[in-house]
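Enquirer: For reference, the file query_18.cif (mmCIF, C-alpha atoms and all ligand atoms) is included below:
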```
data_coords
#
loop_
_atom_site.label_atom_id
_atom_site.label_comp_id
_atom_site.auth_asym_id
_atom_site.auth_seq_id
_atom_site.Cartn_x
_atom_site.Cartn_y
_atom_site.Cartn_z
CA MET A 226 100.80 6.58 6.69
CA GLY A 227 103.03 3.69 7.76
CA LEU A 228 105.46 4.27 4.92
CA SER A 229 109.17 4.38 5.60
CA LEU A 230 111.49 6.68 3.73
CA ARG A 231 113.43 3.65 2.53
CA ASP A 232 110.31 1.86 1.18
CA THR A 233 109.30 4.92 -0.72
CA LEU A 234 112.71 5.65 -2.15
CA ILE A 235 113.26 2.08 -3.26
CA ASP A 236 110.02 2.04 -5.21
CA GLN A 237 110.39 5.36 -6.94
CA PRO A 238 111.37 4.85 -10.58
CA ALA A 239 114.42 6.72 -11.76
CA LYS A 240 113.80 9.91 -13.68
CA ARG A 241 114.81 9.60 -17.31
CA PRO A 242 117.65 11.86 -18.46
CA GLN A 243 116.60 14.78 -20.57
CA SER A 244 115.44 13.89 -24.04
CA ARG A 245 117.73 14.68 -26.93
CA ALA A 246 114.78 15.09 -29.31
CA ARG A 247 115.47 18.01 -31.58
CA LEU A 248 112.58 20.44 -31.59
CA GLU A 249 111.67 22.37 -34.70
CA PRO A 250 112.61 26.07 -34.53
CA LEU A 251 109.45 28.11 -33.97
CA PRO A 252 108.28 31.34 -35.55
CA SER A 253 107.99 34.33 -33.20
CA ILE A 254 104.19 34.36 -33.46
CA LEU A 255 102.49 30.97 -33.39
CA LYS A 256 99.54 30.35 -35.65
CA VAL A 257 96.87 28.46 -33.73
CA ALA A 258 93.91 26.33 -34.84
CA ILE A 259 91.13 25.31 -32.47
CA LEU A 260 89.43 21.94 -33.00
CA GLY A 261 86.01 22.05 -31.35
CA PHE A 262 84.05 25.24 -30.71
CA GLY A 263 82.14 24.28 -27.55
CA THR A 264 82.35 25.93 -24.13
CA VAL A 265 86.13 25.63 -23.86
CA GLY A 266 86.85 26.31 -27.55
CA ARG A 267 84.92 29.58 -27.38
CA ALA A 268 86.71 30.60 -24.19
CA VAL A 269 90.12 29.88 -25.77
CA ALA A 270 89.14 31.90 -28.86
CA GLU A 271 88.01 34.79 -26.66
CA LEU A 272 91.24 34.77 -24.71
CA LEU A 273 93.34 34.66 -27.89
CA CYS A 274 91.33 37.42 -29.55
CA CYS A 275 91.44 39.75 -26.55
CA SER A 276 95.15 39.29 -25.76
CA PRO A 277 97.08 40.98 -28.59
CA ALA A 278 100.26 41.02 -26.50
CA LEU A 279 100.48 37.21 -26.55
CA PRO A 280 102.73 35.73 -29.25
CA LEU A 281 99.76 33.72 -30.57
CA ARG A 282 97.42 34.28 -33.49
CA LEU A 283 94.17 32.38 -33.97
CA THR A 284 93.96 31.45 -37.65
CA HIS A 285 91.50 28.51 -37.93
CA ILE A 286 88.44 27.16 -36.13
CA TYR A 287 87.25 23.65 -36.89
CA ASN A 288 83.87 22.23 -35.94
CA ARG A 289 81.41 19.78 -37.47
CA ASN A 290 78.65 21.70 -39.26
CA VAL A 291 80.67 24.80 -38.59
CA ASP A 292 78.09 27.27 -39.92
CA ARG A 293 75.87 26.84 -36.85
CA LYS A 294 78.84 27.79 -34.65
CA ARG A 295 79.91 31.07 -36.28
CA VAL A 296 79.97 34.09 -33.97
CA PRO A 297 80.42 37.71 -35.07
CA TRP A 298 83.17 38.59 -32.59
CA ILE A 299 85.77 36.34 -34.25
CA PRO A 300 87.97 38.48 -36.57
CA SER A 301 87.22 37.99 -40.25
CA ARG A 302 90.80 36.82 -40.93
CA VAL A 303 90.07 33.61 -38.96
CA ARG A 304 89.06 30.73 -41.22
CA TRP A 305 86.07 28.56 -40.17
CA THR A 306 86.10 25.04 -41.51
CA ASP A 307 84.61 21.60 -41.06
CA ASN A 308 87.45 19.97 -42.94
CA PHE A 309 90.28 18.80 -40.68
CA ASP A 310 92.53 18.13 -43.70
CA GLU A 311 92.41 21.81 -44.51
CA ILE A 312 93.99 22.58 -41.14
CA LEU A 313 96.64 19.90 -41.61
CA ALA A 314 97.55 21.34 -45.00
CA SER A 315 97.71 24.92 -43.67
CA ASP A 316 100.67 26.74 -42.11
CA VAL A 317 99.19 26.43 -38.60
CA ASP A 318 101.90 25.81 -35.98
CA VAL A 319 99.82 24.45 -33.10
CA ILE A 320 96.49 22.64 -33.00
CA VAL A 321 94.36 22.91 -29.87
CA GLU A 322 92.38 19.67 -29.60
CA LEU A 323 89.06 20.21 -27.78
CA VAL A 324 87.00 17.52 -29.47
CA GLY A 325 87.14 15.21 -26.43
CA GLY A 326 86.97 11.41 -26.24
CA VAL A 327 89.46 8.98 -27.69
CA ARG A 328 88.08 8.64 -31.23
CA PRO A 329 88.58 10.46 -33.51
CA ALA A 330 90.58 12.83 -31.27
CA GLY A 331 93.55 10.45 -30.90
CA ASP A 332 93.86 9.91 -34.64
CA TRP A 333 93.71 13.64 -35.26
CA VAL A 334 96.46 14.27 -32.70
CA ARG A 335 98.63 11.64 -34.42
CA ARG A 336 98.00 13.16 -37.83
CA ALA A 337 98.74 16.63 -36.51
CA LEU A 338 102.08 15.53 -35.02
CA HIS A 339 103.03 13.70 -38.23
CA ALA A 340 102.15 16.86 -40.17
CA GLY A 341 104.65 18.85 -38.09
CA LYS A 342 102.13 20.59 -35.84
CA SER A 343 102.44 20.74 -32.06
CA VAL A 344 99.30 19.92 -30.09
CA VAL A 345 97.73 21.31 -26.94
CA THR A 346 94.87 19.31 -25.49
CA ALA A 347 92.49 19.29 -22.52
CA ASN A 348 91.55 15.69 -23.28
CA LYS A 349 92.13 13.71 -20.07
CA HIS A 350 90.53 10.55 -21.44
CA LEU A 351 92.92 10.52 -24.40
CA ILE A 352 96.04 11.38 -22.36
CA ALA A 353 95.17 8.88 -19.61
CA THR A 354 94.72 6.03 -22.07
CA GLU A 355 97.01 6.79 -25.03
CA GLY A 356 99.27 9.48 -23.58
CA ASP A 357 102.47 7.37 -23.51
CA GLU A 358 102.23 6.53 -27.19
CA LEU A 359 101.30 10.09 -28.20
CA LEU A 360 104.12 11.62 -26.16
CA GLU A 361 106.56 9.20 -27.78
CA LEU A 362 105.25 10.25 -31.19
CA ALA A 363 105.68 13.91 -30.25
CA ARG A 364 109.30 13.19 -29.30
CA LYS A 365 109.91 11.35 -32.56
CA THR A 366 108.38 14.05 -34.70
CA GLY A 367 110.11 16.88 -32.82
CA GLN A 368 106.79 18.46 -31.85
CA ARG A 369 105.30 19.39 -28.49
CA LEU A 370 102.26 17.74 -26.97
CA GLU A 371 101.06 19.67 -23.92
CA TYR A 372 98.12 18.73 -21.72
CA GLY A 373 98.18 21.04 -18.69
CA ALA A 374 94.44 21.66 -19.06
CA SER A 375 93.62 17.96 -18.75
CA VAL A 376 93.79 17.99 -14.94
CA ALA A 377 92.25 20.59 -12.60
CA GLY A 378 91.42 23.18 -15.28
CA GLY A 379 93.12 26.45 -14.42
CA VAL A 380 95.13 25.07 -11.50
CA PRO A 381 98.70 24.44 -12.71
CA VAL A 382 99.05 21.07 -11.01
CA LEU A 383 100.93 19.22 -13.73
CA CYS A 384 103.67 21.80 -14.10
CA GLY A 385 103.67 22.12 -10.30
CA LEU A 386 104.46 18.40 -10.05
CA GLU A 387 106.88 18.31 -12.98
CA GLN A 388 108.82 21.42 -12.05
CA GLY A 389 108.08 22.75 -8.58
CA LEU A 390 108.14 19.32 -6.95
CA ALA A 391 110.66 17.62 -9.26
CA GLY A 392 113.03 17.17 -6.30
CA GLU A 393 110.43 15.53 -4.06
CA HIS A 394 109.68 11.84 -3.62
CA LEU A 395 105.90 11.92 -3.67
CA PHE A 396 103.99 8.93 -2.32
CA ARG A 397 100.39 10.16 -2.15
CA LEU A 398 98.11 12.38 -4.24
CA THR A 399 94.68 13.23 -2.84
CA GLY A 400 92.27 15.52 -4.60
CA VAL A 401 88.92 16.83 -5.57
CA LEU A 402 89.38 16.56 -9.33
CA ASN A 403 85.90 16.86 -10.79
CA GLY A 404 84.25 20.27 -10.88
CA THR A 405 80.79 18.88 -11.68
CA CYS A 406 80.69 16.63 -8.62
CA ASN A 407 82.10 19.37 -6.45
CA TYR A 408 79.50 21.80 -7.74
CA ILE A 409 76.68 19.34 -7.01
CA LEU A 410 77.91 18.30 -3.57
CA SER A 411 78.75 21.81 -2.38
CA LYS A 412 75.38 23.14 -3.61
CA MET A 413 73.60 20.32 -1.75
CA GLU A 414 75.65 21.11 1.34
CA ASN A 415 75.45 24.89 1.41
CA GLU A 416 72.33 25.89 -0.50
CA ALA A 417 70.02 22.91 -0.04
CA VAL A 418 69.80 22.47 -3.83
CA SER A 419 68.61 19.02 -4.95
CA PHE A 420 71.00 16.64 -6.71
CA ARG A 421 69.08 16.86 -10.02
CA ASP A 422 68.83 20.67 -9.96
CA ALA A 423 72.52 21.04 -9.15
CA LEU A 424 73.43 18.67 -12.00
CA ALA A 425 71.25 20.64 -14.43
CA ARG A 426 72.94 23.88 -13.30
CA ALA A 427 76.42 22.32 -13.75
CA GLN A 428 75.42 21.33 -17.29
CA GLU A 429 74.26 24.86 -18.04
CA MET A 430 77.57 26.23 -16.76
CA GLY A 431 79.45 23.94 -19.16
CA TYR A 432 81.16 21.90 -16.42
CA THR A 433 79.90 18.43 -17.30
CA GLU A 434 81.23 15.90 -19.78
CA ALA A 435 79.11 15.08 -22.85
CA ASP A 436 78.06 12.01 -20.85
CA PRO A 437 77.56 13.26 -17.26
CA SER A 438 77.84 9.71 -15.91
CA HIS A 439 81.60 10.09 -16.51
CA ASP A 440 81.56 12.88 -13.92
CA LEU A 441 79.16 11.33 -11.41
CA GLY A 442 80.54 7.80 -11.60
CA GLY A 443 84.17 8.85 -11.19
CA PHE A 444 85.59 8.03 -14.64
CA ASP A 445 86.53 11.65 -15.37
CA ALA A 446 88.38 11.93 -12.05
CA SER A 447 89.96 8.49 -12.62
CA CYS A 448 91.45 9.71 -15.91
CA LYS A 449 92.86 12.77 -14.12
CA LEU A 450 94.16 10.57 -11.32
CA ALA A 451 95.90 8.33 -13.86
CA ILE A 452 97.64 11.36 -15.39
CA LEU A 453 98.65 12.65 -11.96
CA ALA A 454 99.92 9.21 -10.89
CA ARG A 455 102.09 9.10 -13.97
CA VAL A 456 103.51 12.59 -13.56
CA GLY A 457 103.71 12.70 -9.75
CA LEU A 458 104.33 9.09 -8.73
CA GLY A 459 105.95 7.74 -11.89
CA ALA A 460 103.29 5.01 -11.81
CA GLN A 461 101.32 3.43 -14.64
CA LEU A 462 97.62 3.56 -13.87
CA ASN A 463 94.81 2.58 -16.20
CA PRO A 464 91.76 4.72 -15.38
CA GLN A 465 89.51 1.70 -15.91
CA ASP A 466 91.30 -0.02 -13.00
CA VAL A 467 90.65 2.71 -10.43
CA TYR A 468 88.19 1.69 -7.70
CA SER A 469 85.30 4.07 -8.31
CA ARG A 470 81.86 4.72 -6.82
CA SER A 471 79.21 7.16 -8.01
CA ILE A 472 78.07 10.19 -6.02
CA GLU A 473 74.50 9.36 -7.06
CA GLY A 474 72.72 8.12 -3.95
CA VAL A 475 74.20 10.80 -1.69
CA GLU A 476 71.25 12.72 -0.22
CA ALA A 477 70.80 15.95 1.74
CA VAL A 478 70.38 13.93 4.92
CA ASP A 479 73.90 12.50 4.53
CA PHE A 480 75.33 16.01 4.87
CA GLU A 481 73.45 16.39 8.17
CA TYR A 482 74.95 13.22 9.59
CA ALA A 483 78.36 14.11 8.16
CA ARG A 484 78.23 17.45 9.99
CA LYS A 485 77.51 15.68 13.28
CA LEU A 486 80.83 13.94 12.71
CA GLY A 487 82.63 17.22 11.90
CA CYS A 488 82.74 16.32 8.21
CA THR A 489 81.24 17.07 4.81
CA ILE A 490 81.06 14.97 1.62
CA ARG A 491 83.23 15.35 -1.46
CA GLN A 492 84.19 13.14 -4.40
CA VAL A 493 87.75 12.32 -3.40
CA ALA A 494 90.39 10.83 -5.69
CA ILE A 495 93.41 9.20 -4.12
CA ALA A 496 96.48 7.44 -5.47
CA GLU A 497 98.96 6.21 -2.91
CA LEU A 498 102.11 4.16 -3.07
CA LYS A 499 102.24 1.84 -0.08
CA GLY A 500 105.40 -0.24 -0.15
CA THR A 501 105.23 -2.11 -3.43
CA GLU A 502 101.52 -1.53 -4.10
CA LEU A 503 99.48 1.30 -5.56
CA TYR A 504 96.06 2.20 -4.13
CA ALA A 505 93.78 4.15 -6.42
CA ALA A 506 90.20 5.18 -5.75
CA VAL A 507 87.60 7.80 -6.66
CA GLN A 508 84.53 7.89 -4.46
CA PRO A 509 82.27 10.13 -2.39
CA THR A 510 83.99 10.42 0.97
CA LEU A 511 83.40 12.01 4.36
CA VAL A 512 86.17 14.60 4.78
CA PRO A 513 86.89 16.62 7.93
CA LEU A 514 85.59 20.19 7.70
CA GLY A 515 89.08 21.57 8.35
CA SER A 516 90.59 19.79 5.33
CA PRO A 517 91.30 21.76 2.11
CA LEU A 518 89.20 19.07 0.41
CA ALA A 519 86.14 20.16 2.41
CA GLN A 520 86.69 23.83 1.66
CA THR A 521 86.26 23.47 -2.11
CA ARG A 522 83.11 25.13 -3.45
CA ASP A 523 81.35 25.10 -6.82
CA ASN A 524 83.70 24.18 -9.68
CA GLN A 525 86.85 24.26 -7.56
CA ASN A 526 89.44 21.51 -7.51
CA VAL A 527 92.17 20.84 -5.01
CA LEU A 528 95.18 18.53 -5.01
CA ILE A 529 97.16 17.68 -1.89
CA THR A 530 100.50 16.03 -2.54
CA ALA A 531 102.39 14.17 0.17
CA GLY A 532 106.14 13.84 -0.15
CA VAL A 533 108.84 12.20 1.91
CA HIS A 534 110.97 15.33 2.34
CA GLY A 535 108.67 18.36 2.16
CA GLY A 536 105.43 16.98 3.58
CA GLU A 537 102.13 18.17 2.13
CA THR A 538 101.63 20.76 -0.61
CA VAL A 539 98.20 22.06 -1.67
CA PHE A 540 97.17 23.29 -5.13
CA ALA A 541 93.69 24.81 -5.38
CA GLY A 542 91.52 26.81 -7.77
CA CYS A 543 88.80 26.53 -10.40
CA GLY A 544 88.86 23.18 -12.13
CA ALA A 545 86.10 23.19 -14.74
CA GLY A 546 84.43 25.55 -17.18
CA GLY A 547 85.53 27.68 -20.09
CA GLY A 548 87.45 30.41 -18.24
CA PRO A 549 89.79 28.32 -16.09
CA THR A 550 90.39 25.68 -18.77
CA SER A 551 91.17 28.28 -21.41
CA VAL A 552 93.82 29.80 -19.14
CA ALA A 553 95.55 26.42 -18.87
CA ILE A 554 95.40 25.94 -22.65
CA VAL A 555 96.71 29.39 -23.48
CA SER A 556 99.47 28.93 -20.89
CA ASP A 557 100.54 25.75 -22.72
CA LEU A 558 100.50 27.70 -26.01
CA VAL A 559 102.67 30.41 -24.47
CA SER A 560 105.05 27.72 -23.16
CA ILE A 561 105.37 26.31 -26.68
CA SER A 562 106.00 29.78 -28.08
CA ARG A 563 108.91 30.17 -25.68
CA GLY A 564 110.79 27.33 -27.31
CA PRO A 565 112.13 23.94 -26.24
CA SER A 566 110.86 22.51 -23.01
CA PHE A 567 113.10 20.36 -20.88
CA THR A 568 110.27 19.18 -18.71
CA GLY A 569 106.80 17.91 -19.43
CA SER A 570 106.06 16.24 -22.68
CA HIS A 571 109.70 15.83 -23.65
CA ASN A 572 111.01 14.34 -20.44
CA PRO A 573 108.42 12.13 -18.78
CA PRO A 574 109.75 9.95 -15.97
CA GLU A 575 110.27 6.26 -16.65
CA LEU A 576 107.06 4.67 -15.46
CA LYS A 577 106.72 1.70 -13.17
CA SER A 578 103.84 -0.77 -13.06
CA TYR A 579 102.86 -1.36 -9.45
CA PRO A 580 100.44 -4.11 -8.49
CA LEU A 581 97.13 -2.41 -7.78
CA ASN A 582 95.48 -2.95 -4.41
CA LEU A 583 91.81 -1.97 -4.51
CA ASP A 584 90.79 -3.55 -1.21
CA LEU A 585 90.85 -0.21 0.53
CA GLU A 586 90.50 -0.11 4.29
CA SER A 587 88.85 2.71 6.16
CA PRO A 588 86.19 3.42 8.74
CA ARG A 589 82.85 3.97 7.01
CA TYR A 590 79.57 5.75 7.26
CA LEU A 591 76.58 3.49 6.52
CA ARG A 592 73.01 4.69 5.96
CA LEU A 593 70.31 2.12 5.34
CA SER A 594 66.78 3.19 4.48
CA VAL A 595 63.81 0.84 4.23
CA ARG A 596 60.48 1.57 2.59
CA GLU A 597 58.22 0.50 5.45
CA GLY A 598 58.49 0.86 9.18
CA THR A 599 60.15 -2.50 9.56
CA ASN A 600 62.53 -3.05 12.45
CA ILE A 601 65.82 -3.79 10.75
CA SER A 602 68.41 -2.88 13.36
CA ASP A 603 68.66 -6.35 14.91
CA ALA A 604 68.96 -8.07 11.53
CA VAL A 605 71.50 -5.56 10.32
CA GLY A 606 73.58 -5.89 13.49
CA ARG A 607 73.58 -9.68 13.14
CA VAL A 608 74.64 -9.66 9.47
CA LEU A 609 77.42 -7.17 10.11
CA VAL A 610 78.82 -9.16 13.02
CA GLU A 611 78.62 -12.44 11.09
CA SER A 612 80.44 -10.78 8.16
CA GLY A 613 83.24 -9.51 10.38
CA VAL A 614 82.25 -5.83 10.28
CA CYS A 615 82.37 -4.05 13.66
CA VAL A 616 80.02 -1.18 14.48
CA ARG A 617 81.75 1.77 16.14
CA SER A 618 78.61 3.77 16.87
CA VAL A 619 74.96 4.21 15.88
CA LEU A 620 74.00 7.74 14.82
CA GLN A 621 70.36 7.14 14.01
CA LYS A 622 68.08 4.24 14.84
CA SER A 623 64.57 5.03 13.68
CA ASP A 624 62.68 1.78 13.37
CA SER A 625 59.06 2.69 13.73
CA GLY A 626 58.05 5.38 11.23
CA SER A 627 55.12 4.72 8.92
CA THR A 628 57.02 6.19 5.95
CA GLY A 629 60.02 3.93 6.43
CA SER A 630 62.98 3.78 8.71
CA VAL A 631 66.59 4.85 8.68
CA LEU A 632 69.59 3.31 10.34
CA VAL A 633 72.87 5.25 10.35
CA MET A 634 76.05 3.70 11.69
CA ILE A 635 79.75 4.31 11.79
CA LEU A 636 81.70 1.15 11.04
CA GLU A 637 85.20 0.33 12.21
CA SER A 638 87.90 0.17 9.58
CA CYS A 639 87.67 -2.93 7.41
CA PRO A 640 88.62 -3.89 3.83
CA VAL A 641 86.02 -2.89 1.25
CA SER A 642 85.73 -6.52 0.10
CA ILE A 643 84.36 -7.55 3.50
CA LEU A 644 81.91 -4.65 3.57
CA GLU A 645 80.65 -5.47 0.08
CA VAL A 646 79.91 -9.06 1.08
CA ALA A 647 78.02 -7.77 4.14
CA LEU A 648 75.99 -5.34 2.02
CA LYS A 649 75.11 -8.07 -0.46
CA ARG A 650 73.83 -10.23 2.39
CA LEU A 651 71.85 -7.30 3.78
CA LYS A 652 70.18 -6.68 0.42
CA GLU A 653 69.21 -10.35 0.17
CA LEU A 654 67.83 -10.36 3.69
CA ILE A 655 65.98 -7.05 3.75
CA ASP A 656 63.76 -7.00 0.67
CA CYS A 657 62.31 -3.57 1.52
CA LEU A 658 65.78 -1.95 1.54
CA ALA A 659 65.33 1.33 -0.35
CA SER A 660 68.90 2.52 -0.26
CA ALA A 661 72.25 1.66 1.24
CA VAL A 662 74.84 4.42 1.22
CA THR A 663 78.38 3.67 2.36
CA LEU A 664 81.04 6.33 2.41
CA PRO A 665 84.61 6.01 3.60
CA ILE A 666 85.62 8.44 6.33
CA MET A 667 88.91 10.20 5.77
CA SER A 668 90.96 10.64 8.91
N1 LIG A 701 83.67 17.52 -16.55
C1 LIG A 701 84.90 17.99 -16.01
C2 LIG A 701 84.68 18.40 -14.57
C3 LIG A 701 85.42 19.13 -16.83
O1 LIG A 701 83.52 18.56 -14.18
O2 LIG A 701 85.65 18.53 -13.83
C4 LIG A 701 86.81 19.57 -16.47
O3 LIG A 701 87.73 18.55 -16.65
#
```
Please, can you express the file's structure as structure tokens?
Expert:
Amino acid sequence: MGLSLRDTLIDQPAKRPQSRARLEPLPSILKVAILGFGTVGRAVAELLCCSPALPLRLTHIYNRNVDRKRVPWIPSRVRWTDNFDEILASDVDVIVELVGGVRPAGDWVRRALHAGKSVVTANKHLIATEGDELLELARKTGQRLEYGASVAGGVPVLCGLEQGLAGEHLFRLTGVLNGTCNYILSKMENEAVSFRDALARAQEMGYTEADPSHDLGGFDASCKLAILARVGLGAQLNPQDVYSRSIEGVEAVDFEYARKLGCTIRQVAIAELKGTELYAAVQPTLVPLGSPLAQTRDNQNVLITAGVHGGETVFAGCGAGGGPTSVAIVSDLVSISRGPSFTGSHNPPELKSYPLNLDLESPRYLRLSVREGTNISDAVGRVLVESGVCVRSVLQKSDSGSTGSVLVMILESCPVSILEVALKRLKELIDCLASAVTLPIMS
């Protein structure tokens, strides 16, 4: 990708020596409280209750209005409560935070650490935005804060980066990091399910965030990308700063054109160090059918790391839903039960702030639809040329239909800023423009 070994090595921050924080000695069986009894909380409780060999005992379940959540299969020794202070005052060793969001979850994590409880969380939003401060607090209080479930559900990507690839100099992370979007796009591709139906199904399966726009618009994947950039690239990345585009607007017909190009469509997250700059984007993208990104189905996630010495490594598996996420959480609990960790939360790398470059360059797919049978191809061609955007090929030029017309083009690589100016001009010029879909094409 035009990156020399020297450039990459120079810009990698040094790894911090192992922390000297003294961890509290742990009992042989950890007492565990779950905060939040939704899809994931139930799955964690099930796993804990049906795994007597694990050195973990569920003792408390917290939820607001807890009585409506009670289920008969939880052993009677487990205490149900809607009072968080009761859990803080108890002899619980580890609190599993599954409340989600930044408030009040962040304050509860702080209070838990101050109260001498370790914390396991699946909360990517919290870790992406306040993770540094919370990890520092965990170090100071001698507790563990583990968040393996925050990225890619059951796929152990964070410990894969922290441990398995600790000797690598990674410069690029590319992934499908949102199970909801992958479910929707792969259902549209393979089973001709409509966008709305696929979203409703994903909600039923418990894949979506409380606000599904966080999935569709890319914020969920941006939070995961920020965590990965920190762990894998040693780079600070605010999820709000990631260039992101929604998958809403992608239609069945886009999959047909993508296939003509030997591609399909996935929500792709990418963070890449190029010299002194960091590129970070989450957007629907045309990916070649042979890529591991294209082969993800349903709630699967995949992460492809690129390193200077070992080349590419692929992590893949189920990334959303109760089952996979509960495995990641219980694995973090088991890790805590095994005693002090010399990786992960106690030894994060020293982070570097790279200038962010969001003016991403790539060839693009462009589909323009107009409401009436207006001839738009000449006007579109003129605006694109005047804006400095070159057309590589025209896939579809249907200018005469009574129900509207469609123009599908492949554009030569250009910075996104130039394309956005061209699209703005097109929208001003063509007042019957019904939709304009632009998707980068991954080489
Ligand atoms: N809403 C998230 C997703 C849940 O769809 O991937 C798992 O992080």
Enquirer: What do you get as a list in words if you pick all residues at most 7 Å from ligand LIG 701 (chain A), counting only C-alpha atoms and all ligand atoms?
Expert: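 Sorted by chain and then by number, the residues are Ser375, Val376, Ala377, Gly378, Leu402, Asn403, Gly404, Thr405, Cys406, Tyr432, Thr433, Glu434, Asp440, Asp445, Gly544, Ala545 and Gly546 of chain A.
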Enquirer: Which neighbours of Ile643 of chain A fall inside 8 Å, counting only C-alpha atoms, when residues of the same chain fewer than 5 positions from it are skipped, and could you give them as a ChimeraX atom specification?
Expert: /A:612-614
Enquirer: Would you pick out the contacts of Leu632 of chain A at 6 Å or less, using all atoms listed in the file, so that residues sharing its chain but fewer than 4 positions from it are not included, and give the list as a PyMOL selection string?
Expert: chain A and resi 592-593+621-622
Enquirer: Quick one: pull the distance between atom CA of Ala531 of chain A and atom CA of Gly400 of chain A, Å, one decimal.
Expert: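 Going from atom CA of Ala531 of chain A over to atom CA of Gly400 of chain A, I get 11.3 Å.
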Enquirer: So which one's closest to Ser618 of chain A, A:Asp603, A:Glu476, A:Glu358, A:Glu637? Using only C-alpha atoms, please.
Expert: A:Glu637
Enquirer: Let me make sure I understand: among A:Val527, A:Leu260, A:Glu311, A:Ser343, which one has the smallest atom-to-atom distance to Val324 of chain A if we use all atoms listed in the file?
Expert: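 Looking only at the distances to Val324 of chain A, the closest residue turns out to be A:Leu260.
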Enquirer: With all atoms listed in the file as the atoms that count, which of A:Gly261, A:Pro509, A:Gly487, A:Pro381 lies nearest to Val291 of chain A?
Expert: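 For Val291 of chain A, the nearest of the candidates is A:Gly261.
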Enquirer: Is it possible to dump segment 349-361 of chain A as an mmCIF file, in the first residue's frame, including just N, CA and C atoms?
Expert:
```cif
data_model
loop_
_atom_site.group_PDB
_atom_site.id
_atom_site.type_symbol
_atom_site.label_atom_id
_atom_site.label_comp_id
_atom_site.auth_asym_id
_atom_site.auth_seq_id
_atom_site.Cartn_x
_atom_site.Cartn_y
_atom_site.Cartn_z
ATOM 1 N N LYS A 349 -18.727 -1.036 23.872
ATOM 2 C CA LYS A 349 -17.737 -0.421 22.962
ATOM 3 C C LYS A 349 -17.794 1.094 22.984
ATOM 4 N N HIS A 350 -19.008 1.643 23.148
ATOM 5 C CA HIS A 350 -19.135 3.096 23.167
ATOM 6 C C HIS A 350 -18.349 3.671 24.360
ATOM 7 N N LEU A 351 -18.520 3.027 25.507
ATOM 8 C CA LEU A 351 -17.832 3.497 26.716
ATOM 9 C C LEU A 351 -16.314 3.325 26.582
ATOM 10 N N ILE A 352 -15.874 2.157 26.127
ATOM 11 C CA ILE A 352 -14.426 1.910 26.040
ATOM 12 C C ILE A 352 -13.796 2.808 24.965
ATOM 13 N N ALA A 353 -14.516 3.016 23.854
ATOM 14 C CA ALA A 353 -13.944 3.858 22.791
ATOM 15 C C ALA A 353 -13.808 5.307 23.227
ATOM 16 N N THR A 354 -14.700 5.769 24.104
ATOM 17 C CA THR A 354 -14.667 7.195 24.450
ATOM 18 C C THR A 354 -14.008 7.475 25.804
ATOM 19 N N GLU A 355 -14.141 6.557 26.765
ATOM 20 C CA GLU A 355 -13.583 6.833 28.100
ATOM 21 C C GLU A 355 -12.637 5.725 28.563
ATOM 22 N N GLY A 356 -12.268 4.851 27.610
ATOM 23 C CA GLY A 356 -11.468 3.674 27.968
ATOM 24 C C GLY A 356 -10.139 4.023 28.623
ATOM 25 N N ASP A 357 -9.442 5.037 28.100
ATOM 26 C CA ASP A 357 -8.110 5.375 28.653
ATOM 27 C C ASP A 357 -8.217 5.691 30.137
ATOM 28 N N GLU A 358 -9.195 6.555 30.449
ATOM 29 C CA GLU A 358 -9.352 6.987 31.841
ATOM 30 C C GLU A 358 -9.764 5.802 32.727
ATOM 31 N N LEU A 359 -10.657 4.968 32.220
ATOM 32 C CA LEU A 359 -11.137 3.841 33.030
ATOM 33 C C LEU A 359 -10.031 2.808 33.237
ATOM 34 N N LEU A 360 -9.222 2.587 32.214
ATOM 35 C CA LEU A 360 -8.114 1.626 32.361
ATOM 36 C C LEU A 360 -7.083 2.146 33.371
ATOM 37 N N GLU A 361 -6.873 3.464 33.335
ATOM 38 C CA GLU A 361 -5.946 4.068 34.303
ATOM 39 C C GLU A 361 -6.494 3.889 35.725
#
```
